[in-house]
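**Q** This is structure_25.txt, which holds compact mmCIF, C-alpha atoms and all ligand atoms:
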```txt
# COMPACT_ATOMS: atom_id res chain seq x y z
CA MET A 1 -5.52 -4.53 -18.23
CA ARG A 2 -6.59 -7.37 -15.97
CA PHE A 3 -4.74 -10.48 -14.88
CA ALA A 4 -5.47 -13.56 -16.91
CA ALA A 5 -8.42 -15.32 -15.31
CA ALA A 6 -6.33 -18.43 -14.83
CA ALA A 7 -3.70 -16.57 -12.86
CA ALA A 8 -6.26 -14.97 -10.57
CA SER A 9 -8.13 -18.20 -9.96
CA ALA A 10 -4.91 -20.06 -9.23
CA VAL A 11 -4.43 -17.68 -6.35
CA LEU A 12 -8.02 -17.48 -5.23
CA GLY A 13 -9.04 -21.06 -5.88
CA ALA A 14 -8.29 -22.24 -2.38
CA VAL A 15 -10.47 -19.78 -0.49
CA GLY A 16 -11.76 -21.53 2.59
CA ILE A 17 -9.35 -24.42 3.02
CA ALA A 18 -6.69 -23.90 5.70
CA ALA A 19 -7.76 -23.39 9.27
CA PRO A 20 -5.03 -23.17 11.89
CA LEU A 21 -7.27 -21.77 14.61
CA ALA A 22 -10.77 -22.82 13.75
CA ALA A 23 -12.17 -25.32 11.31
CA GLY A 24 -14.63 -22.75 10.01
CA ALA A 25 -18.08 -23.44 8.77
CA ALA A 26 -17.93 -25.95 5.98
CA GLY A 27 -20.54 -27.65 3.84
CA GLY A 28 -23.08 -24.86 3.72
CA ALA A 29 -22.83 -24.04 7.45
CA THR A 30 -22.76 -20.35 8.27
CA THR A 31 -20.50 -18.13 10.35
CA PHE A 32 -22.09 -15.08 11.99
CA VAL A 33 -19.58 -12.33 12.74
CA GLN A 34 -21.11 -9.87 15.19
CA ALA A 35 -19.38 -6.49 14.78
CA GLY A 36 -19.69 -3.62 17.25
CA ARG A 37 -18.67 -1.21 14.51
CA VAL A 38 -17.87 -1.97 10.89
CA LEU A 39 -16.43 -0.08 7.94
CA ALA A 40 -17.84 -2.52 5.39
CA ASP A 41 -17.14 -0.54 2.25
CA PRO A 42 -14.23 1.88 2.56
CA ALA A 43 -15.40 3.58 -0.66
CA THR A 44 -18.33 5.06 1.27
CA GLY A 45 -16.47 5.75 4.51
CA ARG A 46 -19.67 4.81 6.34
CA VAL A 47 -19.23 3.19 9.77
CA GLN A 48 -22.21 1.21 11.03
CA SER A 49 -22.83 -0.01 14.57
CA ASP A 50 -24.17 -3.37 15.75
CA GLN A 51 -24.06 -5.37 12.53
CA THR A 52 -23.76 -9.06 11.76
CA ILE A 53 -21.65 -10.19 8.81
CA VAL A 54 -22.95 -13.49 7.48
CA VAL A 55 -20.28 -15.75 5.94
CA ARG A 56 -20.80 -18.97 4.00
CA ASP A 57 -18.35 -21.05 1.93
CA GLY A 58 -15.63 -18.45 2.45
CA ARG A 59 -17.71 -15.58 1.13
CA ILE A 60 -19.78 -12.77 2.52
CA VAL A 61 -23.45 -13.50 2.04
CA GLU A 62 -24.99 -10.42 3.62
CA ILE A 63 -24.64 -7.86 6.40
CA ARG A 64 -27.63 -7.65 8.73
CA ALA A 65 -28.53 -4.87 11.13
CA GLY A 66 -28.36 -5.95 14.76
CA PHE A 67 -26.69 -8.98 16.30
CA VAL A 68 -27.90 -12.23 14.78
CA GLY A 69 -26.96 -15.56 16.39
CA ALA A 70 -26.14 -19.00 15.08
CA ALA A 71 -29.46 -20.74 14.62
CA ARG A 72 -28.56 -24.13 13.18
CA GLU A 73 -26.28 -26.81 14.52
CA GLY A 74 -22.83 -26.49 12.97
CA ASP A 75 -23.13 -22.74 12.50
CA ARG A 76 -20.52 -20.58 14.22
CA LEU A 77 -20.63 -17.31 16.07
CA VAL A 78 -17.72 -14.87 16.20
CA ASP A 79 -18.14 -12.22 18.89
CA LEU A 80 -16.55 -8.94 17.80
CA ARG A 81 -19.19 -6.79 19.51
CA GLY A 82 -16.47 -4.82 21.29
CA SER A 83 -14.34 -4.35 18.17
CA PHE A 84 -14.02 -2.30 14.99
CA VAL A 85 -14.19 -4.49 11.89
CA LEU A 86 -12.87 -3.66 8.42
CA PRO A 87 -11.83 -5.51 5.25
CA GLY A 88 -8.57 -7.48 5.27
CA LEU A 89 -5.63 -5.26 4.31
CA ILE A 90 -3.73 -5.40 1.01
CA ASP A 91 0.00 -4.68 0.77
CA SER A 92 0.89 -4.20 -2.89
CA HIS A 93 4.66 -4.35 -2.41
CA THR A 94 6.37 -7.04 -0.34
CA HIS A 95 9.21 -9.53 -0.70
CA LEU A 96 7.98 -12.46 1.36
CA CYS A 97 10.97 -14.80 1.22
CA HIS A 98 13.56 -12.61 2.87
CA GLU A 99 14.32 -9.65 5.12
CA ASN A 100 17.14 -7.25 4.30
CA GLY A 101 20.00 -7.00 6.75
CA PRO A 102 23.74 -7.37 7.27
CA ASP A 103 23.71 -10.96 5.95
CA ASP A 104 22.21 -10.16 2.53
CA LYS A 105 25.41 -10.78 0.63
CA ILE A 106 26.34 -14.06 2.28
CA ASN A 107 22.75 -15.34 2.20
CA ARG A 108 22.81 -15.15 -1.58
CA VAL A 109 25.50 -17.79 -1.80
CA THR A 110 24.62 -19.95 1.21
CA LYS A 111 20.83 -20.28 1.24
CA THR A 112 19.10 -22.85 -0.91
CA ALA A 113 15.70 -22.38 -2.51
CA ALA A 114 14.34 -24.59 0.28
CA ASP A 115 15.77 -22.18 2.88
CA TRP A 116 14.12 -19.22 1.16
CA ALA A 117 10.81 -21.10 1.01
CA ILE A 118 10.88 -21.90 4.73
CA ASP A 119 11.74 -18.28 5.54
CA GLY A 120 8.91 -17.25 3.25
CA ALA A 121 6.42 -19.49 5.06
CA HIS A 122 7.44 -17.84 8.34
CA PHE A 123 7.16 -14.29 6.99
CA ALA A 124 3.87 -15.05 5.22
CA SER A 125 2.37 -16.23 8.49
CA ILE A 126 3.55 -13.10 10.32
CA THR A 127 2.12 -10.91 7.56
CA LEU A 128 -1.28 -12.58 7.76
CA GLN A 129 -1.28 -12.28 11.57
CA ALA A 130 -0.73 -8.53 11.13
CA GLY A 131 -4.01 -8.27 9.22
CA PHE A 132 -2.71 -8.36 5.63
CA THR A 133 -4.87 -10.92 3.86
CA THR A 134 -3.52 -10.19 0.36
CA VAL A 135 -0.06 -9.13 -0.82
CA ALA A 136 1.79 -8.61 -4.06
CA ASP A 137 5.29 -10.04 -3.87
CA LEU A 138 7.58 -8.11 -6.18
CA GLY A 139 10.72 -10.20 -6.35
CA ASP A 140 12.79 -12.65 -4.37
CA GLU A 141 16.02 -14.51 -4.96
CA ASN A 142 14.56 -17.46 -6.84
CA ASP A 143 11.43 -19.50 -7.48
CA ALA A 144 10.66 -20.28 -3.81
CA ILE A 145 7.96 -17.62 -3.91
CA PHE A 146 5.97 -19.58 -6.52
CA ALA A 147 5.96 -22.65 -4.26
CA LEU A 148 4.95 -20.47 -1.32
CA ARG A 149 2.13 -18.80 -3.26
CA ASP A 150 0.79 -22.16 -4.39
CA GLY A 151 1.19 -23.73 -0.93
CA ILE A 152 -0.84 -20.92 0.65
CA ALA A 153 -3.50 -21.15 -2.08
CA ALA A 154 -3.76 -24.90 -1.50
CA GLY A 155 -4.24 -24.33 2.24
CA ARG A 156 -1.02 -26.07 3.30
CA VAL A 157 0.68 -22.98 4.67
CA PRO A 158 -0.98 -20.05 6.47
CA GLY A 159 -0.42 -16.75 4.72
CA PRO A 160 -2.02 -13.97 2.73
CA ARG A 161 -3.20 -14.66 -0.81
CA VAL A 162 -0.18 -13.85 -2.97
CA LEU A 163 0.24 -12.44 -6.43
CA THR A 164 3.88 -12.49 -7.44
CA SER A 165 6.22 -11.36 -10.17
CA GLY A 166 8.95 -13.77 -9.13
CA ASN A 167 12.36 -12.39 -10.07
CA VAL A 168 12.46 -8.83 -11.27
CA ILE A 169 13.35 -8.01 -14.86
CA SER A 170 16.40 -5.79 -15.11
CA PRO A 171 18.86 -4.61 -17.71
CA HIS A 172 22.34 -6.14 -17.63
CA GLY A 173 24.37 -3.98 -15.27
CA GLY A 174 21.17 -2.58 -13.77
CA GLU A 175 19.70 -2.76 -10.30
CA GLY A 176 18.60 -6.37 -10.65
CA ASP A 177 22.07 -7.58 -11.59
CA VAL A 178 24.39 -8.84 -8.81
CA TYR A 179 27.44 -7.01 -7.51
CA GLY A 180 30.38 -7.59 -5.26
CA TYR A 181 31.14 -11.26 -6.02
CA ARG A 182 33.93 -12.90 -8.00
CA PRO A 183 33.04 -13.20 -11.69
CA ASP A 184 32.76 -17.01 -11.53
CA VAL A 185 30.42 -16.77 -8.51
CA THR A 186 28.42 -14.00 -10.20
CA LYS A 187 27.88 -16.28 -13.17
CA VAL A 188 26.23 -18.89 -10.94
CA ILE A 189 23.96 -16.59 -8.91
CA GLN A 190 22.99 -14.07 -11.59
CA HIS A 191 19.24 -13.88 -12.18
CA PRO A 192 17.95 -15.36 -15.42
CA ASN A 193 15.90 -12.23 -16.17
CA LEU A 194 18.56 -9.78 -17.26
CA CYS A 195 18.07 -8.41 -20.75
CA SER A 196 19.56 -6.01 -23.26
CA GLY A 197 17.65 -4.78 -26.28
CA ALA A 198 13.93 -4.89 -27.03
CA ASP A 199 13.80 -8.46 -28.37
CA ASP A 200 15.81 -9.84 -25.48
CA CYS A 201 13.51 -8.04 -23.04
CA ARG A 202 10.45 -9.55 -24.75
CA ARG A 203 12.07 -12.94 -24.31
CA VAL A 204 12.60 -12.57 -20.55
CA VAL A 205 9.03 -11.31 -20.00
CA ARG A 206 7.70 -14.43 -21.75
CA GLN A 207 10.15 -16.59 -19.81
CA GLN A 208 9.06 -15.11 -16.48
CA ILE A 209 5.39 -15.70 -17.27
CA GLN A 210 6.21 -19.26 -18.27
CA ARG A 211 7.83 -19.72 -14.84
CA GLY A 212 4.62 -18.66 -13.11
CA ALA A 213 4.57 -14.87 -12.72
CA ASP A 214 1.17 -13.28 -12.04
CA LEU A 215 2.54 -9.88 -12.95
CA ILE A 216 5.76 -8.40 -14.29
CA LYS A 217 8.07 -6.30 -12.12
CA ILE A 218 10.81 -4.32 -13.79
CA VAL A 219 13.57 -2.18 -12.42
CA ALA A 220 13.27 1.04 -14.39
CA THR A 221 15.86 2.96 -12.39
CA GLY A 222 18.70 2.33 -9.98
CA ALA A 223 17.80 1.24 -6.45
CA VAL A 224 18.99 1.95 -2.95
CA LEU A 225 19.87 -1.52 -1.77
CA SER A 226 21.92 -2.76 -4.68
CA ASP A 227 25.66 -2.24 -4.48
CA ALA A 228 25.67 -0.72 -7.96
CA ALA A 229 27.22 2.72 -8.03
CA ALA A 230 24.97 3.72 -10.93
CA GLY A 231 22.72 6.26 -9.23
CA VAL A 232 18.94 6.04 -9.27
CA GLY A 233 18.29 7.22 -12.85
CA GLN A 234 16.66 5.54 -15.86
CA GLN A 235 18.21 2.16 -16.76
CA PHE A 236 16.05 0.67 -19.53
CA THR A 237 15.84 2.40 -22.90
CA ASP A 238 12.43 3.69 -24.02
CA GLU A 239 12.36 0.96 -26.65
CA GLU A 240 13.04 -1.76 -24.05
CA LEU A 241 10.34 -0.36 -21.79
CA ARG A 242 7.76 -0.39 -24.58
CA ALA A 243 8.71 -3.97 -25.51
CA ILE A 244 8.34 -5.16 -21.91
CA VAL A 245 4.97 -3.51 -21.29
CA GLU A 246 3.57 -4.58 -24.66
CA THR A 247 4.62 -8.21 -24.12
CA ALA A 248 3.27 -8.33 -20.55
CA HIS A 249 -0.08 -6.94 -21.66
CA MET A 250 -0.22 -9.27 -24.65
CA LEU A 251 0.11 -12.18 -22.22
CA GLY A 252 -2.52 -10.82 -19.83
CA ARG A 253 -0.21 -9.53 -17.11
CA ARG A 254 0.16 -6.13 -15.51
CA ALA A 255 3.58 -4.56 -15.40
CA THR A 256 4.87 -2.49 -12.51
CA ALA A 257 8.12 -0.56 -12.36
CA HIS A 258 10.50 0.17 -9.54
CA ALA A 259 11.45 3.80 -10.22
CA HIS A 260 13.01 6.63 -8.23
CA SER A 261 14.14 9.31 -10.72
CA ALA A 262 11.64 11.42 -12.65
CA SER A 263 13.26 10.40 -15.94
CA GLY A 264 12.71 6.71 -15.16
CA ILE A 265 9.19 7.24 -13.79
CA ASN A 266 8.13 9.25 -16.82
CA ALA A 267 9.71 6.92 -19.36
CA ALA A 268 7.92 3.93 -17.79
CA LEU A 269 4.59 5.77 -17.67
CA ARG A 270 4.95 6.84 -21.32
CA ALA A 271 5.63 3.21 -22.21
CA GLY A 272 2.25 2.32 -20.66
CA ILE A 273 3.37 0.78 -17.37
CA ASP A 274 0.42 0.04 -15.03
CA SER A 275 2.04 1.30 -11.83
CA ILE A 276 5.15 2.80 -10.29
CA GLU A 277 6.77 1.54 -7.09
CA HIS A 278 8.44 4.18 -4.83
CA GLY A 279 8.19 7.21 -7.20
CA THR A 280 10.61 9.23 -5.08
CA PHE A 281 11.48 12.09 -7.42
CA LEU A 282 8.20 12.35 -9.31
CA ASP A 283 7.68 15.75 -10.92
CA ALA A 284 4.84 17.75 -12.50
CA GLU A 285 5.18 15.78 -15.74
CA SER A 286 4.96 12.50 -13.77
CA ILE A 287 1.74 13.68 -12.14
CA ARG A 288 0.29 14.58 -15.54
CA LEU A 289 1.27 11.14 -16.91
CA PHE A 290 -0.09 9.26 -13.87
CA LYS A 291 -3.43 10.98 -14.36
CA SER A 292 -3.68 10.66 -18.14
CA HIS A 293 -2.71 6.94 -18.00
CA GLY A 294 -4.73 6.12 -14.86
CA ALA A 295 -1.60 4.50 -13.41
CA TYR A 296 -1.20 3.71 -9.73
CA LEU A 297 1.60 4.87 -7.44
CA VAL A 298 2.74 2.59 -4.60
CA PRO A 299 4.68 5.00 -2.37
CA THR A 300 6.45 2.61 0.11
CA LEU A 301 7.05 5.36 2.69
CA LEU A 302 8.02 2.75 5.27
CA ALA A 303 10.96 1.65 3.12
CA GLY A 304 12.11 5.26 2.83
CA ASP A 305 11.85 5.68 6.58
CA THR A 306 13.78 2.45 7.20
CA VAL A 307 16.69 3.04 4.80
CA THR A 308 17.12 6.57 6.15
CA ARG A 309 17.53 5.14 9.65
CA TRP A 310 20.03 2.57 8.40
CA ALA A 311 22.05 5.16 6.48
CA ASN A 312 22.27 7.44 9.52
CA ASP A 313 23.44 4.63 11.78
CA PRO A 314 27.19 5.08 12.42
CA HIS A 315 27.54 1.27 12.38
CA THR A 316 25.45 0.83 9.22
CA PHE A 317 25.67 -2.47 7.37
CA LEU A 318 25.02 -0.69 4.06
CA SER A 319 27.83 -0.56 1.52
CA PRO A 320 29.14 2.98 0.85
CA GLN A 321 27.26 2.94 -2.50
CA ALA A 322 23.98 1.86 -0.88
CA GLN A 323 24.41 4.33 1.98
CA ALA A 324 24.86 7.24 -0.45
CA LYS A 325 21.74 6.25 -2.37
CA ALA A 326 19.75 5.73 0.86
CA LEU A 327 20.57 9.28 1.93
CA GLN A 328 19.65 10.57 -1.52
CA VAL A 329 16.28 8.76 -1.63
CA GLY A 330 15.01 7.95 1.86
CA PRO A 331 14.49 11.45 3.27
CA LYS A 332 12.60 12.52 0.11
CA MET A 333 9.86 9.91 0.23
CA LEU A 334 7.51 11.56 2.73
CA GLU A 335 7.54 14.75 0.67
CA MET A 336 6.83 12.67 -2.45
CA GLY A 337 3.85 11.12 -0.66
CA ARG A 338 2.62 14.59 0.21
CA ARG A 339 2.85 15.79 -3.41
CA ALA A 340 1.24 12.65 -4.82
CA HIS A 341 -1.64 12.90 -2.36
CA ALA A 342 -2.17 16.61 -2.98
CA ALA A 343 -2.18 15.99 -6.75
CA GLY A 344 -4.89 13.36 -6.39
CA ILE A 345 -3.20 10.53 -8.31
CA LYS A 346 -4.32 6.93 -7.69
CA ILE A 347 -2.45 5.40 -4.78
CA ALA A 348 -2.22 1.80 -3.60
CA PHE A 349 -0.77 0.96 -0.18
CA GLY A 350 2.62 -0.77 -0.28
CA THR A 351 5.48 -1.09 2.16
CA ASP A 352 8.37 -2.94 0.46
CA ALA A 353 8.30 -5.21 3.54
CA SER A 354 11.63 -7.05 3.72
CA VAL A 355 13.24 -3.63 4.06
CA ALA A 356 11.19 -2.97 7.23
CA PRO A 357 10.49 -6.28 9.03
CA HIS A 358 7.54 -8.36 7.86
CA GLY A 359 4.55 -7.92 10.15
CA THR A 360 5.23 -4.22 10.72
CA ASN A 361 3.48 -3.35 7.42
CA ALA A 362 0.79 -1.30 9.18
CA ARG A 363 3.33 1.33 10.19
CA GLU A 364 2.94 2.61 6.61
CA PHE A 365 -0.52 3.97 7.57
CA ALA A 366 0.90 6.42 10.10
CA LEU A 367 3.47 7.65 7.57
CA MET A 368 0.70 8.17 4.99
CA VAL A 369 -1.25 10.23 7.52
CA GLU A 370 1.92 12.22 8.21
CA ALA A 371 2.09 12.87 4.43
CA GLY A 372 -1.41 14.35 4.48
CA PHE A 373 -3.72 11.39 3.84
CA THR A 374 -6.81 11.19 6.03
CA PRO A 375 -7.02 7.89 7.93
CA LEU A 376 -9.91 6.89 5.64
CA GLU A 377 -7.84 7.62 2.51
CA ALA A 378 -4.97 5.53 3.88
CA ILE A 379 -7.38 2.64 4.57
CA GLN A 380 -8.89 2.99 1.08
CA ALA A 381 -5.38 2.66 -0.40
CA ALA A 382 -4.99 -0.67 1.44
CA THR A 383 -8.45 -2.01 0.56
CA ILE A 384 -10.49 -0.89 -2.45
CA ALA A 385 -7.60 0.81 -4.26
CA GLY A 386 -5.22 -2.11 -3.62
CA ALA A 387 -7.86 -4.52 -4.94
CA ASP A 388 -8.36 -2.44 -8.07
CA HIS A 389 -4.61 -2.03 -8.58
CA LEU A 390 -4.09 -5.81 -8.42
CA GLY A 391 -7.09 -6.59 -10.63
CA LEU A 392 -8.99 -8.22 -7.76
CA ALA A 393 -11.75 -5.65 -7.23
CA ALA A 394 -14.46 -8.28 -7.69
CA GLU A 395 -12.94 -10.50 -4.97
CA ILE A 396 -11.55 -8.37 -2.17
CA GLY A 397 -11.27 -4.84 -0.76
CA ALA A 398 -14.73 -4.45 0.77
CA LEU A 399 -17.14 -6.47 2.92
CA THR A 400 -19.96 -6.64 0.42
CA PRO A 401 -22.04 -9.67 -0.59
CA GLY A 402 -20.21 -12.04 -2.94
CA LYS A 403 -16.70 -11.01 -1.96
CA ALA A 404 -14.21 -13.23 -0.13
CA ALA A 405 -14.68 -13.15 3.63
CA ASP A 406 -11.38 -11.40 4.38
CA LEU A 407 -11.87 -9.27 7.48
CA ILE A 408 -9.92 -8.02 10.44
CA ALA A 409 -10.75 -6.38 13.76
CA VAL A 410 -9.04 -3.89 16.05
CA SER A 411 -10.04 -2.60 19.49
CA THR A 412 -10.30 1.08 18.71
CA ASP A 413 -11.50 3.20 15.79
CA PRO A 414 -8.68 3.49 13.19
CA LEU A 415 -10.43 6.51 11.67
CA GLN A 416 -9.67 8.32 14.94
CA ASP A 417 -6.24 6.78 15.55
CA ILE A 418 -4.67 5.12 12.51
CA THR A 419 -2.06 3.35 14.66
CA ALA A 420 -4.89 1.08 15.87
CA LEU A 421 -4.14 -0.94 12.71
CA GLN A 422 -0.76 -1.88 14.22
CA ARG A 423 -2.67 -3.87 16.86
CA VAL A 424 -4.86 -6.27 14.89
CA ARG A 425 -6.72 -8.71 17.16
CA PHE A 426 -8.71 -10.79 14.73
CA VAL A 427 -7.99 -12.07 11.23
CA MET A 428 -10.30 -14.02 8.93
CA LYS A 429 -9.25 -14.93 5.40
CA GLY A 430 -11.62 -16.72 3.07
CA GLY A 431 -13.96 -17.40 5.98
CA MET A 432 -11.24 -19.06 8.08
CA VAL A 433 -10.07 -17.59 11.38
CA TYR A 434 -6.29 -17.17 11.67
CA ARG A 435 -6.13 -14.90 14.69
CA GLN A 436 -8.51 -14.36 17.57
CA GLU A 437 -7.64 -12.57 20.83
ZN ZN B 501 10.82 -3.83 -3.29
```
When written as structure tokens, how does the structure in this file appear?

**A**
Amino acid sequence: MRFAAAAASAVLGAVGIAAPLAAGAAGGATTFVQAGRVLADPATGRVQSDQTIVVRDGRIVEIRAGFVGAAREGDRLVDLRGSFVLPGLIDSHTHLCHENGPDDKINRVTKTAADWAIDGAHFASITLQAGFTTVADLGDENDAIFALRDGIAAGRVPGPRVLTSGNVISPHGGEGDVYGYRPDVTKVIQHPNLCSGADDCRRVVRQQIQRGADLIKIVATGAVLSDAAAGVGQQFTDEELRAIVETAHMLGRRATAHAHSASGINAALRAGIDSIEHGTFLDAESIRLFKSHGAYLVPTLLAGDTVTRWANDPHTFLSPQAQAKALQVGPKMLEMGRRAHAAGIKIAFGTDASVAPHGTNAREFALMVEAGFTPLEAIQAATIAGADHLGLAAEIGALTPGKAADLIAVSTDPLQDITALQRVRFVMKGGMVYRQE
């Protein structure tokens, strides 16, 4: 199942517009990126030395052996001869318009959509600076994320290209509902995407797509950071899950499910969900279903690491309910990553940034390596696999002719030391330079 062409082009249509650092080469002019070492196609794992990446109109035209200079007036030269170059990174699970913290509950009733949008612009910029040139945003408080996505695509705001679900779809009384407010306040701030029963769930999927969602995000099980004391088990019925997935696919959207418990993971996979976020308690049956359905897992190890730290903090800001769930889920995630990797299921890199601070996304790589991934496998999850998972394999994920010129550079070889990706020195997105040290 691919995204509708219109949705993808709405996001990608503005390749090559914004240019905070450098105007870029416009009107047929060419940018020559001289790379000391380059991992052009992570699928091959092949690192080449002394190459020149030729960029025109925001796209990669060719990669030439040796260092080629700018011949014509107006052409640009980018000197990365001392650096290691690789494709721009893809984080398949972020929440760009906020960061979790002690003020979560009050923010919900004090911040306007405009506040969330301005916060989102700030976090989007930080994310791009950290080398993430594409993200999936899987749910924020309101529609600010749609404005942010479109503003970035139009070149008005620096940030990664964004695919977003907008608000999550949740059952009434489920993880996506709101807790801890007076009933009259709850009524005002409750998300519009709560549903009960198959027909009602079809309705909210259609409604969310009408509002601008590129993909559908559902909450298939309880979650750590809600104040619901409902555990982390299955929350939608099988019938509701089938209705949601069928409607999303009918309207040309992928559907991804937040899921911790094996019952919730397996029910969502049986219903034909395209991917699972977190996957904490996946079991042998989950692995069989992932493989037979070709579904992706987005492990979000960084979120597990972060909530475990919070829960163990004697001065934690988590509610008692959230703390209990954090201790139940967080410490298990690395082991889940290990099992998923060993089983050979398809994995896309995702952090759940907003739990950990935006801009620290690359810390996920080190956790993946700790869970048994080779550095190359971790990079593949954030490039070619992420592109395939988001339906953008023709556009991004590798530095091959015809693809968007999304590339980053670091000083040292990330295949030797994966933490090198936490120190990105150069960022180009759609042929435009956003960071250069
Ligand atoms: Zn999330």

**Q** Please provide the set of residues having any atom within 8 Å of stretch 134-137 of chain A, restricted to all atoms listed in the file, with same-chain residues fewer than 4 positions apart removed, written as a PyMOL selection string.

**A** chain A and resi 88-96+160-166+390

**Q** Tell me which of A:Thr112, A:Gln208, A:Thr256, A:Ser83 sits closest to ligand ZN 501 (chain B), counting all atoms listed in the file.

**A** A:Thr256

**Q** Name the closest residue to A:Glu240 among the candidates A:Leu194, A:Ala324, A:Leu282, A:Ala356; distances are taken between atoms, counting all atoms listed in the file.

**A**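 With all atoms listed in the file as the atom set, the closest residue is A:Leu194.
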
**Q** Find, counting all atoms listed in the file, the residue in A:Gln321, A:Ser263, A:Thr30, A:Asn100 that gets nearest to A:Ile53.

**A**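 Ranked by minimum distance to A:Ile53, first place goes to A:Thr30.
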
**Q** Residues within 8 Å of ligand ZN 501 (chain B), counting only C-alpha atoms and all ligand atoms: report them as a list in words.

**A**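 Those within range of ligand ZN 501 (chain B) are His93, Thr94, His95, Leu138, Gly139, His258, Glu277, Asp352, Ala353, Ser354 and Val355 of chain A.
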
**Q** Kindly save the residues from that selection, with C-alpha atoms included, as a PDB file, in the coordinates of the input.

**A**
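As a result, result-v2.pdb now contains:
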```pdb
ATOM      1  CA  HIS A  93       4.660  -4.350  -2.410  1.00  0.00           C
ATOM      2  CA  THR A  94       6.370  -7.040  -0.340  1.00  0.00           C
ATOM      3  CA  HIS A  95       9.210  -9.530  -0.700  1.00  0.00           C
ATOM      4  CA  LEU A 138       7.580  -8.110  -6.180  1.00  0.00           C
ATOM      5  CA  GLY A 139      10.720 -10.200  -6.350  1.00  0.00           C
ATOM      6  CA  HIS A 258      10.500   0.170  -9.540  1.00  0.00           C
ATOM      7  CA  GLU A 277       6.770   1.540  -7.090  1.00  0.00           C
ATOM      8  CA  ASP A 352       8.370  -2.940   0.460  1.00  0.00           C
ATOM      9  CA  ALA A 353       8.300  -5.210   3.540  1.00  0.00           C
ATOM     10  CA  SER A 354      11.630  -7.050   3.720  1.00  0.00           C
ATOM     11  CA  VAL A 355      13.240  -3.630   4.060  1.00  0.00           C
TER      12      VAL A 355
END
```

**Q** Determine, using all atoms listed in the file, which residues of stretch 244-330 of chain A have any atom at most 12 Å from an atom of stretch 209-214 of chain A, and tabulate each with its shortest atom pair and distance in Å to one decimal place, rows ordered by chain and then rising number, as JSON lines.

**A**
```
{"residue": "A:Ile244", "atom": "CA", "partner": "A:Ile209", "partner_atom": "CA", "distance": 11.9}
{"residue": "A:Thr247", "atom": "CA", "partner": "A:Ile209", "partner_atom": "CA", "distance": 10.2}
{"residue": "A:Ala248", "atom": "CA", "partner": "A:Ile209", "partner_atom": "CA", "distance": 8.3}
{"residue": "A:His249", "atom": "CA", "partner": "A:Ile209", "partner_atom": "CA", "distance": 11.2}
{"residue": "A:Met250", "atom": "CA", "partner": "A:Ile209", "partner_atom": "CA", "distance": 11.3}
{"residue": "A:Leu251", "atom": "CA", "partner": "A:Ile209", "partner_atom": "CA", "distance": 8.0}
{"residue": "A:Gly252", "atom": "CA", "partner": "A:Asp214", "partner_atom": "CA", "distance": 9.0}
{"residue": "A:Arg253", "atom": "CA", "partner": "A:Asp214", "partner_atom": "CA", "distance": 6.5}
{"residue": "A:Arg254", "atom": "CA", "partner": "A:Asp214", "partner_atom": "CA", "distance": 8.0}
{"residue": "A:Ala255", "atom": "CA", "partner": "A:Asp214", "partner_atom": "CA", "distance": 9.7}
{"residue": "A:Thr256", "atom": "CA", "partner": "A:Asp214", "partner_atom": "CA", "distance": 11.4}
```

**Q** Mind working out the centre and edge lengths of an axis-aligned box for stretch 257-274 of chain A, all listed atoms inside, 6 Å added to each side, rounded to one decimal in Å and written as AutoDock Vina command-line options?

**A**
```
--center_x 7.3 --center_y 5.4 --center_z -15.2 --size_x 25.7 --size_y 24.0 --size_z 26.0
```

**Q** Ranking A:Gly180, A:Ala198, A:Val168, A:Glu370 by minimum distance to A:Ala220 and counting only C-alpha atoms, which one comes first?

**A**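 Of the candidates, the smallest distance to A:Ala220 is held by A:Val168.
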
**Q** Which of these residues is nearest to A:Tyr296, using all atoms listed in the file: A:His389, A:His358, A:Arg309, A:Thr374?

**A**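 The answer is A:His389, which sits nearest to A:Tyr296.
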
**Q** Between A:Gln190, A:Thr31, A:Asn266, A:Ser319, which has the minimum distance to A:Ala284 (counting only C-alpha atoms)?

**A** A:Asn266

**Q** Can you measure atom CA of A:Ile152 to atom CA of A:Ala117 for me? One decimal in Å is fine.

**A**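 Atom CA of A:Ala117 lies 11.7 Å from atom CA of A:Ile152.
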
**Q** Quick one: distance from atom CA of A:Ala409 to atom CA of A:Gly304 in Å, one decimal?

**A**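 Separation between atom CA of A:Ala409 and atom CA of A:Gly304: 27.9 Å.
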
**Q** Can you list, as an NGL selection string, every protein, DNA or RNA residue that comes within 10 Å of A:Lys429 when you count all atoms listed in the file, leaving out same-chain residues fewer than 5 positions away?

**A** :A and (15-19 or 58-59 or 87-88 or 128 or 131-134 or 158-161 or 404-408 or 434-435)

**Q** Enter the distance from atom CA of A:Pro331 to atom CA of A:Leu289, in Å, rounded to one decimal.

**A** 24.1 Å

**Q** Which residues, written as a ChimeraX atom specification, have at least one atom at most 9 Å from A:Thr400, with all atoms listed in the file counted and residues fewer than 2 positions away on the same chain left out?

**A** /A:40-41,60-63,396-398,402-405
